[in-house]
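Peer 1: As input, take model08.txt (compact mmCIF, C-alpha atoms and all ligand atoms):
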```txt
# COMPACT_ATOMS: atom_id res chain seq x y z
CA MET A 99 -126.33 174.40 -191.90
CA ILE A 100 -128.58 173.49 -188.97
CA SER A 101 -126.98 170.11 -188.32
CA GLN A 102 -123.40 171.35 -188.71
CA SER A 103 -121.28 172.03 -185.62
CA TYR A 104 -119.48 175.37 -185.33
CA ALA A 105 -116.74 176.80 -183.13
CA PHE A 106 -118.28 179.79 -181.33
CA LEU A 107 -116.66 182.64 -179.44
CA ALA A 108 -118.80 184.85 -177.20
CA THR A 109 -117.26 187.99 -175.70
CA CYS A 110 -118.05 189.51 -172.31
CA ALA A 111 -116.75 192.08 -169.83
CA ARG A 112 -113.34 191.06 -168.52
CA GLY A 113 -113.53 188.99 -165.35
CA PHE A 114 -117.04 187.70 -166.01
CA GLU A 115 -116.04 184.74 -168.18
CA PRO A 116 -117.06 182.12 -165.55
CA TYR A 117 -120.52 183.70 -165.34
CA LEU A 118 -120.92 183.63 -169.11
CA CYS A 119 -119.82 179.96 -169.14
CA GLU A 120 -122.45 179.22 -166.50
CA GLU A 121 -125.12 181.08 -168.46
CA ILE A 122 -124.39 179.39 -171.80
CA ALA A 123 -124.09 175.97 -170.16
CA ALA A 124 -127.58 176.42 -168.67
CA LEU A 125 -128.98 177.69 -171.98
CA CYS A 126 -127.56 175.13 -174.35
CA THR A 127 -126.44 172.17 -172.20
CA ILE A 128 -122.85 172.45 -173.39
CA HIS A 129 -119.63 173.26 -171.57
CA PRO A 130 -117.96 176.44 -172.78
CA GLU A 131 -114.29 177.08 -172.01
CA PRO A 132 -113.36 180.45 -170.51
CA ALA A 133 -110.66 182.50 -172.26
CA SER A 134 -109.57 186.11 -171.82
CA GLY A 135 -112.63 188.38 -172.23
CA CYS A 136 -114.58 185.62 -173.97
CA VAL A 137 -115.74 182.00 -173.84
CA LEU A 138 -115.40 179.30 -176.50
CA PHE A 139 -117.76 176.45 -177.35
CA GLU A 140 -118.45 173.92 -180.10
CA ALA A 141 -122.11 173.46 -180.90
CA PRO A 142 -124.73 173.47 -183.64
CA LEU A 143 -126.02 176.80 -184.95
CA GLU A 144 -129.00 176.65 -182.59
CA ALA A 145 -126.69 177.27 -179.61
CA GLY A 146 -125.42 180.48 -181.22
CA LEU A 147 -128.97 181.67 -181.92
CA GLN A 148 -130.05 180.88 -178.36
CA THR A 149 -127.03 182.76 -177.00
CA CYS A 150 -127.98 185.83 -179.07
CA LEU A 151 -131.56 185.69 -177.90
CA TRP A 152 -131.05 184.77 -174.25
CA SER A 153 -127.59 185.74 -173.07
CA ARG A 154 -127.65 188.68 -170.69
CA ILE A 155 -123.88 188.71 -170.25
CA ALA A 156 -122.43 188.25 -173.78
CA ASN A 157 -121.57 191.33 -175.85
CA LYS A 158 -120.97 189.51 -179.14
CA VAL A 159 -121.37 185.98 -180.51
CA GLU A 160 -119.11 184.88 -183.35
CA ILE A 161 -118.53 181.80 -185.52
CA LEU A 162 -115.02 180.80 -186.53
CA ILE A 163 -115.03 180.62 -190.35
CA ALA A 164 -111.34 180.35 -191.26
CA GLU A 165 -107.92 180.20 -189.69
CA CYS A 166 -104.28 179.89 -190.67
CA TYR A 167 -100.74 180.01 -189.42
CA ALA A 168 -99.62 183.56 -190.21
CA LEU A 169 -96.03 184.71 -190.55
CA ARG A 170 -96.34 187.49 -193.11
CA ASP A 171 -98.97 190.04 -194.22
CA GLU A 172 -99.43 187.99 -197.41
CA ASP A 173 -100.73 185.07 -195.30
CA ILE A 174 -103.56 187.32 -194.12
CA TYR A 175 -104.38 188.40 -197.68
CA ALA A 176 -104.36 184.74 -198.81
CA LEU A 177 -106.74 183.84 -195.96
CA GLY A 178 -109.18 186.45 -197.32
CA THR A 179 -109.05 184.94 -200.80
CA LYS A 180 -110.06 181.53 -199.38
CA LEU A 181 -112.71 182.54 -196.85
CA PRO A 182 -116.05 180.72 -197.31
CA LEU A 183 -118.33 183.47 -198.64
CA GLU A 184 -121.76 182.18 -199.56
CA PRO A 185 -123.44 181.50 -196.24
CA TRP A 186 -122.72 185.03 -195.00
CA PHE A 187 -122.11 187.31 -197.99
CA SER A 188 -123.88 188.12 -201.23
CA PRO A 189 -122.70 190.68 -203.79
CA GLU A 190 -125.45 192.97 -202.47
CA SER A 191 -124.33 192.75 -198.82
CA THR A 192 -122.41 195.48 -197.09
CA PHE A 193 -119.60 194.46 -194.77
CA CYS A 194 -116.77 195.60 -192.55
CA VAL A 195 -113.60 193.95 -191.32
CA ARG A 196 -111.90 194.51 -187.96
CA ALA A 197 -108.71 192.99 -186.57
CA HIS A 198 -107.27 192.58 -183.08
CA SER A 199 -103.71 191.42 -182.67
CA SER A 200 -101.80 190.47 -179.54
CA ASP A 201 -98.99 189.08 -181.69
CA PRO A 202 -95.88 191.33 -181.53
CA LYS A 203 -95.14 190.41 -185.15
CA PHE A 204 -98.41 192.00 -186.29
CA LYS A 205 -98.77 195.30 -184.46
CA ASN A 206 -100.87 197.31 -186.88
CA SER A 207 -104.44 196.02 -186.58
CA LEU A 208 -105.81 198.53 -189.10
CA TYR A 209 -103.35 197.32 -191.72
CA LEU A 210 -104.19 193.68 -190.96
CA ALA A 211 -107.90 194.39 -191.42
CA LEU A 212 -107.12 196.07 -194.73
CA LYS A 213 -105.09 193.08 -195.93
CA LEU A 214 -107.87 190.65 -195.06
CA LYS A 215 -110.46 192.90 -196.71
CA ASP A 216 -108.34 193.08 -199.91
CA GLY A 217 -108.25 189.27 -200.03
CA ILE A 218 -112.02 189.01 -199.52
CA VAL A 219 -112.76 191.65 -202.17
CA ASP A 220 -110.46 189.99 -204.73
CA GLN A 221 -112.17 186.66 -204.09
CA MET A 222 -115.60 188.28 -204.60
CA ARG A 223 -114.55 189.88 -207.88
CA LYS A 224 -113.23 186.53 -209.11
CA ARG A 225 -116.32 184.54 -208.08
CA TRP A 226 -119.10 187.01 -208.76
CA GLY A 227 -117.55 189.55 -211.13
CA LYS A 228 -118.41 192.22 -208.55
CA ARG A 229 -117.83 192.96 -204.91
CA ALA A 230 -119.89 193.77 -201.83
CA SER A 231 -119.35 197.28 -200.50
CA ILE A 232 -117.93 198.45 -197.20
CA ASP A 233 -120.12 199.97 -194.48
CA THR A 234 -118.49 200.61 -191.13
CA GLU A 235 -121.65 201.92 -189.43
CA THR A 236 -124.39 199.32 -189.97
CA PRO A 237 -122.93 196.57 -192.15
CA ASP A 238 -124.88 193.41 -193.03
CA VAL A 239 -121.83 191.28 -192.29
CA GLU A 240 -119.18 191.93 -189.64
CA ILE A 241 -115.90 190.08 -189.88
CA THR A 242 -113.45 190.07 -186.98
CA MET A 243 -109.94 188.65 -187.17
CA ARG A 244 -108.08 187.78 -183.98
CA LEU A 245 -104.37 187.18 -184.19
CA SER A 246 -102.24 185.72 -181.43
CA GLN A 247 -99.15 183.52 -181.36
CA ARG A 248 -98.96 183.43 -185.15
CA ARG A 249 -102.48 182.08 -185.45
CA ALA A 250 -104.99 184.17 -187.42
CA ARG A 251 -108.63 183.31 -186.78
CA VAL A 252 -111.46 184.89 -188.73
CA TYR A 253 -114.94 185.12 -187.26
CA VAL A 254 -118.30 186.23 -188.58
CA GLU A 255 -120.43 188.01 -185.98
CA LEU A 256 -123.97 186.79 -185.43
CA GLN A 257 -125.49 189.64 -183.47
CA GLY A 258 -125.15 192.76 -185.64
CA GLN A 259 -125.44 195.62 -183.14
CA PRO A 260 -123.71 194.52 -179.90
CA LEU A 261 -125.96 192.54 -177.57
CA ASN A 262 -125.96 195.24 -174.88
CA MET A 263 -128.18 197.24 -177.23
CA ARG A 264 -131.42 195.64 -176.05
CA GLY A 265 -133.55 198.43 -177.48
CA TYR A 266 -135.09 199.76 -174.28
CA ARG A 267 -132.63 202.49 -173.40
CA ARG A 268 -134.04 205.26 -175.57
CA ARG A 269 -132.94 207.91 -173.07
CA GLN A 270 -130.02 207.87 -170.72
CA ASN A 271 -128.53 209.84 -167.87
CA GLU A 272 -124.91 210.66 -167.40
CA ALA A 273 -122.55 207.65 -167.16
CA PRO A 274 -125.06 204.83 -167.80
CA ILE A 275 -123.65 201.37 -167.30
CA ARG A 276 -123.59 198.99 -170.26
CA GLU A 277 -126.61 196.66 -170.06
CA THR A 278 -124.49 193.51 -170.35
CA LEU A 279 -122.15 194.66 -167.55
CA ALA A 280 -125.19 195.42 -165.38
CA ALA A 281 -126.54 191.91 -166.04
CA SER A 282 -123.10 190.41 -165.33
CA MET A 283 -123.05 192.17 -161.95
CA ILE A 284 -126.53 190.87 -161.13
CA ALA A 285 -125.34 187.35 -161.95
CA ALA A 286 -122.32 187.92 -159.68
CA SER A 287 -124.59 189.23 -156.89
CA ARG A 288 -126.22 185.76 -156.76
CA TRP A 289 -129.60 187.47 -156.28
CA ASN A 290 -132.40 185.00 -155.72
CA PRO A 291 -135.57 186.65 -157.10
CA SER A 292 -137.95 184.40 -155.19
CA HIS A 293 -136.40 185.02 -151.75
CA GLN A 294 -134.87 188.47 -151.85
CA ALA A 295 -135.75 192.02 -152.84
CA PHE A 296 -133.60 193.68 -155.50
CA ILE A 297 -132.56 197.30 -154.96
CA ASP A 298 -130.56 199.80 -156.95
CA PRO A 299 -130.50 202.91 -154.71
CA MET A 300 -128.66 205.06 -157.33
CA CYS A 301 -130.49 203.93 -160.44
CA GLY A 302 -129.67 206.66 -163.01
CA SER A 303 -131.22 205.38 -166.28
CA GLY A 304 -132.61 202.33 -164.46
CA THR A 305 -130.37 199.74 -166.13
CA PHE A 306 -129.88 197.41 -163.13
CA ALA A 307 -133.56 197.38 -162.16
CA ILE A 308 -134.68 196.77 -165.76
CA GLU A 309 -132.17 193.95 -166.21
CA ALA A 310 -133.29 192.47 -162.89
CA ALA A 311 -136.95 192.59 -163.97
CA LEU A 312 -136.14 190.93 -167.31
CA MET A 313 -134.19 188.25 -165.47
CA ALA A 314 -136.85 187.60 -162.82
CA THR A 315 -139.52 187.17 -165.49
CA GLN A 316 -137.28 185.06 -167.75
CA THR A 317 -137.69 187.59 -170.54
CA PRO A 318 -135.05 187.17 -173.25
CA PRO A 319 -133.07 190.44 -173.39
CA GLY A 320 -132.98 190.20 -177.19
CA ILE A 321 -136.71 189.73 -177.74
CA GLN A 322 -137.28 193.32 -178.94
CA ARG A 323 -134.42 193.54 -181.42
CA HIS A 324 -133.10 192.27 -184.72
CA PHE A 325 -129.83 190.42 -185.29
CA GLY A 326 -127.13 190.49 -187.95
CA PHE A 327 -127.70 186.86 -189.00
CA GLU A 328 -131.20 187.80 -190.21
CA ARG A 329 -129.43 189.52 -193.13
CA TRP A 330 -127.24 186.56 -194.16
CA PRO A 331 -128.08 184.91 -197.51
CA ALA A 332 -128.25 181.63 -195.54
CA PHE A 333 -130.94 182.97 -193.17
CA PRO A 334 -133.88 181.29 -195.03
CA ASP A 335 -132.22 177.90 -194.24
CA PHE A 336 -132.73 178.44 -190.52
CA GLN A 337 -135.51 181.03 -190.41
CA HIS A 338 -137.97 178.39 -189.26
CA LEU A 339 -135.76 177.36 -186.35
CA TRP A 340 -135.28 181.01 -185.36
CA LYS A 341 -139.04 181.61 -185.39
CA GLU A 342 -139.57 178.56 -183.21
CA LEU A 343 -136.91 179.68 -180.69
CA ARG A 344 -138.52 183.12 -180.43
CA CYS A 345 -142.01 181.65 -179.95
CA ARG A 346 -140.75 179.30 -177.24
CA ALA A 347 -138.95 182.20 -175.54
CA LYS A 348 -142.10 184.33 -175.50
CA GLU A 349 -144.10 181.47 -174.03
CA THR A 350 -141.48 180.87 -171.28
CA SER A 351 -141.54 184.55 -170.40
CA ARG A 352 -145.37 184.73 -170.37
CA GLU A 353 -145.52 181.84 -167.92
CA ALA A 354 -142.70 183.17 -165.71
CA ARG A 355 -144.38 186.57 -165.56
CA LYS A 356 -147.56 185.03 -164.19
CA ARG A 357 -145.55 183.43 -161.39
CA HIS A 358 -143.41 186.49 -160.61
CA HIS A 359 -144.09 188.20 -157.30
CA GLY A 360 -140.65 189.56 -156.50
CA HIS A 361 -139.84 193.03 -155.31
CA ILE A 362 -137.60 195.28 -157.41
CA GLN A 363 -136.84 198.84 -156.33
CA ALA A 364 -135.04 201.64 -158.14
CA MET A 365 -134.21 204.89 -156.37
CA ASP A 366 -132.32 208.05 -157.15
CA ILE A 367 -131.97 211.45 -155.60
CA ASP A 368 -132.51 213.14 -158.95
CA ASP A 369 -136.04 213.60 -160.37
CA ALA A 370 -134.80 213.82 -163.97
CA ALA A 371 -132.91 210.49 -163.60
CA LEU A 372 -136.03 208.80 -162.23
CA ASP A 373 -138.07 210.12 -165.14
CA VAL A 374 -135.62 208.65 -167.66
CA ALA A 375 -135.47 205.35 -165.75
CA GLN A 376 -139.26 205.02 -165.73
CA ASN A 377 -139.42 205.75 -169.43
CA ASN A 378 -136.83 203.09 -170.18
CA ALA A 379 -138.64 200.55 -168.00
CA GLN A 380 -141.82 201.26 -169.93
CA THR A 381 -140.03 200.67 -173.25
CA ALA A 382 -138.68 197.39 -171.84
CA GLY A 383 -142.23 196.41 -170.80
CA VAL A 384 -141.32 196.05 -167.12
CA SER A 385 -142.40 199.37 -165.55
CA ASP A 386 -145.17 197.59 -163.60
CA LEU A 387 -142.55 195.33 -161.99
CA ILE A 388 -140.33 198.09 -160.60
CA ASP A 389 -141.05 200.36 -157.69
CA PHE A 390 -139.44 203.75 -158.50
CA ARG A 391 -138.84 206.16 -155.66
CA LYS A 392 -136.99 209.40 -155.00
CA ALA A 393 -134.64 208.76 -152.09
CA ASP A 394 -131.22 209.52 -150.68
CA VAL A 395 -129.08 206.38 -150.52
CA LEU A 396 -127.52 207.70 -147.31
CA LYS A 397 -130.90 207.22 -145.61
CA LEU A 398 -131.48 203.69 -146.94
CA GLU A 399 -132.99 201.18 -144.51
CA VAL A 400 -133.51 197.71 -145.96
CA SER A 401 -133.24 194.06 -145.02
CA ASN A 402 -133.03 190.82 -147.00
CA ALA A 403 -132.09 192.50 -150.27
CA ALA A 404 -129.57 192.19 -153.05
CA ILE A 405 -128.32 195.75 -153.48
CA VAL A 406 -126.62 196.17 -156.85
CA THR A 407 -125.41 199.61 -157.78
CA ASN A 408 -123.09 201.95 -159.63
CA PRO A 409 -122.43 205.06 -157.54
CA PRO A 410 -120.83 208.17 -159.01
CA TYR A 411 -117.09 207.87 -159.41
CA GLY A 412 -114.44 209.56 -161.45
CA GLU A 413 -112.28 212.59 -160.92
CA ARG A 414 -113.19 215.90 -159.29
CA ILE A 415 -116.80 214.88 -158.57
CA THR A 416 -118.73 215.94 -155.51
CA VAL A 417 -121.86 214.09 -154.48
CA GLY A 418 -124.26 216.47 -152.77
CA ALA A 419 -122.36 218.01 -149.88
CA TYR A 420 -119.61 215.40 -149.95
CA GLU A 421 -116.29 214.88 -151.70
CA LEU A 422 -116.21 211.37 -153.22
CA PRO A 423 -114.12 209.65 -150.46
CA GLU A 424 -116.43 211.02 -147.75
CA PHE A 425 -119.52 209.94 -149.77
CA TYR A 426 -118.14 206.39 -150.00
CA TYR A 427 -117.35 206.43 -146.26
CA GLN A 428 -120.97 207.39 -145.53
CA LEU A 429 -122.20 204.78 -148.03
CA GLY A 430 -120.23 202.05 -146.23
CA ARG A 431 -121.69 203.18 -142.87
CA VAL A 432 -125.27 202.97 -144.23
CA MET A 433 -124.73 199.68 -146.05
CA ARG A 434 -123.46 197.93 -142.93
CA THR A 435 -126.88 198.54 -141.34
CA CYS A 436 -128.73 196.60 -144.08
CA VAL A 437 -129.52 193.30 -142.40
CA ASP A 438 -129.35 189.93 -144.23
CA SER A 439 -128.38 191.65 -147.47
CA THR A 440 -125.55 191.81 -149.96
CA LEU A 441 -124.03 194.76 -151.79
CA THR A 442 -122.58 194.32 -155.29
CA ILE A 443 -120.99 197.54 -156.43
CA ILE A 444 -118.81 198.86 -159.26
CA SER A 445 -116.31 201.65 -158.73
CA THR A 446 -112.58 202.27 -158.68
CA ALA A 447 -110.65 199.80 -156.54
CA ALA A 448 -109.13 202.70 -154.57
CA LEU A 449 -112.48 204.27 -153.63
CA LEU A 450 -113.92 200.94 -152.51
CA LYS A 451 -110.86 199.78 -150.61
CA LYS A 452 -110.02 203.01 -148.84
CA ASN A 453 -113.46 204.28 -147.93
CA LEU A 454 -116.14 201.58 -147.56
CA HIS A 455 -114.37 199.91 -144.62
CA MET A 456 -115.73 196.47 -145.44
CA ARG A 457 -113.92 193.40 -146.73
CA PRO A 458 -115.47 192.00 -149.95
CA GLU A 459 -116.23 188.30 -150.23
CA MET A 460 -115.66 188.54 -153.99
CA ARG A 461 -113.96 191.02 -156.30
CA ILE A 462 -113.51 191.23 -160.07
CA GLN A 463 -111.17 193.57 -161.93
CA THR A 464 -112.95 194.80 -165.04
CA TYR A 465 -113.59 197.77 -167.28
CA ASN A 466 -116.59 200.07 -167.41
CA GLY A 467 -116.09 201.47 -170.92
CA PRO A 468 -112.45 202.62 -170.95
CA LEU A 469 -112.26 202.95 -167.15
CA GLU A 470 -110.48 200.29 -165.18
CA CYS A 471 -112.62 199.43 -162.18
CA GLU A 472 -113.60 196.83 -159.66
CA VAL A 473 -116.82 194.94 -158.99
CA ALA A 474 -117.03 193.81 -155.37
CA ARG A 475 -119.62 191.88 -153.39
CA TYR A 476 -120.06 192.40 -149.63
CA VAL A 477 -122.12 190.54 -147.09
CA LEU A 478 -124.05 193.12 -145.05
CA GLY A 479 -125.50 193.07 -141.56
CA LYS A 480 -124.15 190.58 -139.03
CA GLY A 481 -121.89 188.85 -141.57
CA THR A 482 -120.03 192.04 -142.60
CA GLN A 483 -116.27 191.64 -142.61
CA HIS A 484 -114.78 194.95 -141.55
CA GLY A 485 -111.79 196.07 -143.59
C1 LIG A 501 -123.21 206.62 -162.21
S1 LIG A 501 -124.88 207.08 -162.06
C2 LIG A 501 -125.73 205.56 -162.17
C3 LIG A 501 -125.88 205.11 -163.58
C4 LIG A 501 -126.83 203.97 -163.75
N1 LIG A 501 -126.29 202.71 -163.28
C5 LIG A 501 -127.30 203.86 -165.20
O1 LIG A 501 -127.18 202.79 -165.80
O2 LIG A 501 -127.72 204.88 -165.76
C6 LIG A 501 -125.02 207.48 -160.38
C7 LIG A 501 -126.40 207.94 -159.94
O3 LIG A 501 -126.37 208.15 -158.52
C8 LIG A 501 -127.30 209.16 -158.22
N2 LIG A 501 -126.99 209.68 -156.87
C9 LIG A 501 -125.99 210.48 -156.47
N3 LIG A 501 -126.07 210.69 -155.16
C10 LIG A 501 -127.14 210.05 -154.68
C11 LIG A 501 -127.73 209.91 -153.40
N4 LIG A 501 -127.21 210.49 -152.31
N5 LIG A 501 -128.82 209.12 -153.29
C12 LIG A 501 -129.36 208.50 -154.38
N6 LIG A 501 -128.84 208.64 -155.62
C13 LIG A 501 -127.75 209.39 -155.78
C14 LIG A 501 -127.10 210.16 -159.34
O4 LIG A 501 -128.24 211.02 -159.46
C15 LIG A 501 -126.86 209.25 -160.55
O5 LIG A 501 -128.08 209.05 -161.24
```
Could you take the file, read its structure, and then write that structure out as structure tokens?
Ligand SMILES: C[S@@+](CC[C@H](N)C(=O)[O-])C[C@H]1O[C@@H](n2cnc3c(N)ncnc32)[C@H](O)[C@@H]1O

Peer 2:
Amino acid sequence: MISQSYAFLATCARGFEPYLCEEIAALCTIHPEPASGCVLFEAPLEAGLQTCLWSRIANKVEILIAECYALRDEDIYALGTKLPLEPWFSPESTFCVRAHSSDPKFKNSLYLALKLKDGIVDQMRKRWGKRASIDTETPDVEITMRLSQRRARVYVELQGQPLNMRGYRRRQNEAPIRETLAASMIAASRWNPSHQAFIDPMCGSGTFAIEAALMATQTPPGIQRHFGFERWPAFPDFQHLWKELRCRAKETSREARKRHHGHIQAMDIDDAALDVAQNNAQTAGVSDLIDFRKADVLKLEVSNAAIVTNPPYGERITVGAYELPEFYYQLGRVMRTCVDSTLTIISTAALLKKNLHMRPEMRIQTYNGPLECEVARYVLGKGTQHG
């Protein structure tokens, strides 16, 4: 298993595929190809394990285990009856099957998943005389089928719980940003930890500052958690390799931490938010690396900083004394005074465009949960482009 090469698919927030390619290329010295909402790469198992352990941007990491040309529902069932079982499943495993289809011929993804599951279960009964049971909450094995242009591809997921679930966010405030999206925005901010301060002036649960601290100290985001592949029957074949990768990762992080002398600040106007953020930072083991402070972003005065933030947005919200558009107008006014800095921000495209009055040097259309939004990066101070 260790020497075999696999076709991997790693998913990420839409628009951040180039950043995930960059990250995986640096991790595994391979060249992933960007696709829509994911990246693809061919590599030995070790690359998949490293991506699980180290990727800050990926949400899921999957191995392609079967594919076919599909014209009818029966083709999907037949694919299930031929899926390689042993490395991933045992009769004692629990599993679930999901399907995503962009093929107009196969519109009902739930039905597709059911067809594939029926094929898998019939194969199990034939081979083992019994079948593994379904668990949609915390299955041992997660199977995802993706169908487009008559091609059905079946993947087994490596990570188990999605990779954004690092394990440190025990408490959260309203509207916390997904950890992987926060890390993607930090990558897009091009923050340089050794030359610039990092500031989230509206930190909520502290996600950006915690991700920044993990990044600056080269701490693998997955070091505190378990992964789905640890429950595969084939795990003993590569357990040794996994242990070695984890040991190496801990050593890298220990060394990087000794060298770290960066400055990371997290602020919020709300005491309760700061309390939650500090608690989360403690769980992540980085509370000593973050300077938490109660402050109003509209009084911010900083220079030479990467400001990365997620202000309130949504409908019918007021922020302090301001309606949202006025708050964003004031935010733009304050940000333009931050010398030699950059602002990387997520919000709705309309709020950013109409109210900040700056022209972004980079923008990405993405989703924050179900909400369509925009991530934009602005040069602040003398280099600000007024918009
Ligand atoms: C959308 S939440 C941020 C969520 C955060 N990224 C997380 O992961 O939990 C927006 C935050 O902005 C804070 N906020 C609102 N107005 C503020 C102000 N004038 N100054 C500083 N923080 C403010 C709120 O208290 C809230 O915690």

Peer 1: Between atom CA of A:Tyr266 and atom C9 of ligand LIG 501 (chain A), what is the distance, to one decimal in Å?

Peer 2: 22.7 Å

Peer 1: At a cut-off of 9 Å and counting all atoms listed in the file, what residues surround ligand LIG 501 (chain A)? Please answer as a ChimeraX atom specification.

Peer 2: /A:270-277,280,298-306,365-372,374-375,392-398,407-411,417-418,425,429

Peer 1: Of the residues A:Ala311, A:Ala124, A:Ala108, A:Ile161, which is the one nearest to A:Val137, using all atoms listed in the file?

Peer 2: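 Closest to A:Val137, using all atoms listed in the file: A:Ala108.
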
Peer 1: Atom CA of A:Arg475 to atom CA of A:Gly135: how many Å, to one decimal?

Peer 2: 20.4 Å

Peer 1: Pick out the residues sitting within 6 Å of A:Thr109, and hand them over as an mmCIF file with C-alpha atoms, in the coordinates of the input; count all atoms listed in the file, and ignore anything fewer than 6 positions along from it in its own chain.

Peer 2:
```
data_model
loop_
_atom_site.group_PDB
_atom_site.id
_atom_site.type_symbol
_atom_site.label_atom_id
_atom_site.label_comp_id
_atom_site.auth_asym_id
_atom_site.auth_seq_id
_atom_site.Cartn_x
_atom_site.Cartn_y
_atom_site.Cartn_z
ATOM 1 C CA GLY A 135 -112.630 188.380 -172.230
ATOM 2 C CA CYS A 136 -114.580 185.620 -173.970
ATOM 3 C CA ALA A 156 -122.430 188.250 -173.780
ATOM 4 C CA ASN A 157 -121.570 191.330 -175.850
ATOM 5 C CA LYS A 158 -120.970 189.510 -179.140
#
```

Peer 1: Can you pull out the residues contacting A:Pro182? Cut-off 12 Å, using all atoms listed in the file, and skip same-chain residues under 6 positions away; I want them as a count of residues only.

Peer 2: 14

Peer 1: What does the distance between atom CA of A:Asn206 and atom CA of A:Thr192 come to in Å, to one decimal place?

Peer 2: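 Going from atom CA of A:Asn206 over to atom CA of A:Thr192 covers 23.9 Å.
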
Peer 1: Which residues come within 10 Å of A:Leu212, counting only C-alpha atoms, excluding same-chain residues fewer than 6 positions away, as a list in words?

Peer 2: Ile174, Tyr175, Cys194, Val195, Arg196, Ala197 and Ile218 of chain A

Peer 1: Tell me which of A:Val437, A:Ala111, A:Leu183, A:Ala310 sits closest to A:Pro331, counting all atoms listed in the file.

Peer 2: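 Between A:Val437, A:Ala111, A:Leu183, A:Ala310, the residue approaching A:Pro331 most closely is A:Leu183.
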
Peer 1: Between A:Pro334, A:Pro319, A:Pro291, A:Gly481, which is the closest to A:Gly360 once you count only C-alpha atoms?

Peer 2: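 Going through A:Pro334, A:Pro319, A:Pro291, A:Gly481 one by one, the smallest distance to A:Gly360 is for A:Pro291.
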
Peer 1: Need the shell around A:Leu279: protein/DNA/RNA residues with any atom at most 10 Å away, counting only C-alpha atoms. Skip same-chain ones fewer than 5 positions apart. Format as a list in words?

Peer 2: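 Once the adjacent positions are removed, what remains is Cys110, Ala111, Arg112, Phe114, Arg154, Ile155, Ala156, Asn157, Asn262, Ile284, Ala285, Thr305, Phe306, Ile444, Thr464, Tyr465, Asn466 and Gly467 of chain A.
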
Peer 1: Taking the point (-125.8, 194.2, -195.4) as given in the file, collect each protein or nucleic acid residue that comes within 12 Å of it, counting only C-alpha atoms, and present the set as a ChimeraX atom specification.

Peer 2: /A:186-194,230-240,258,325-331
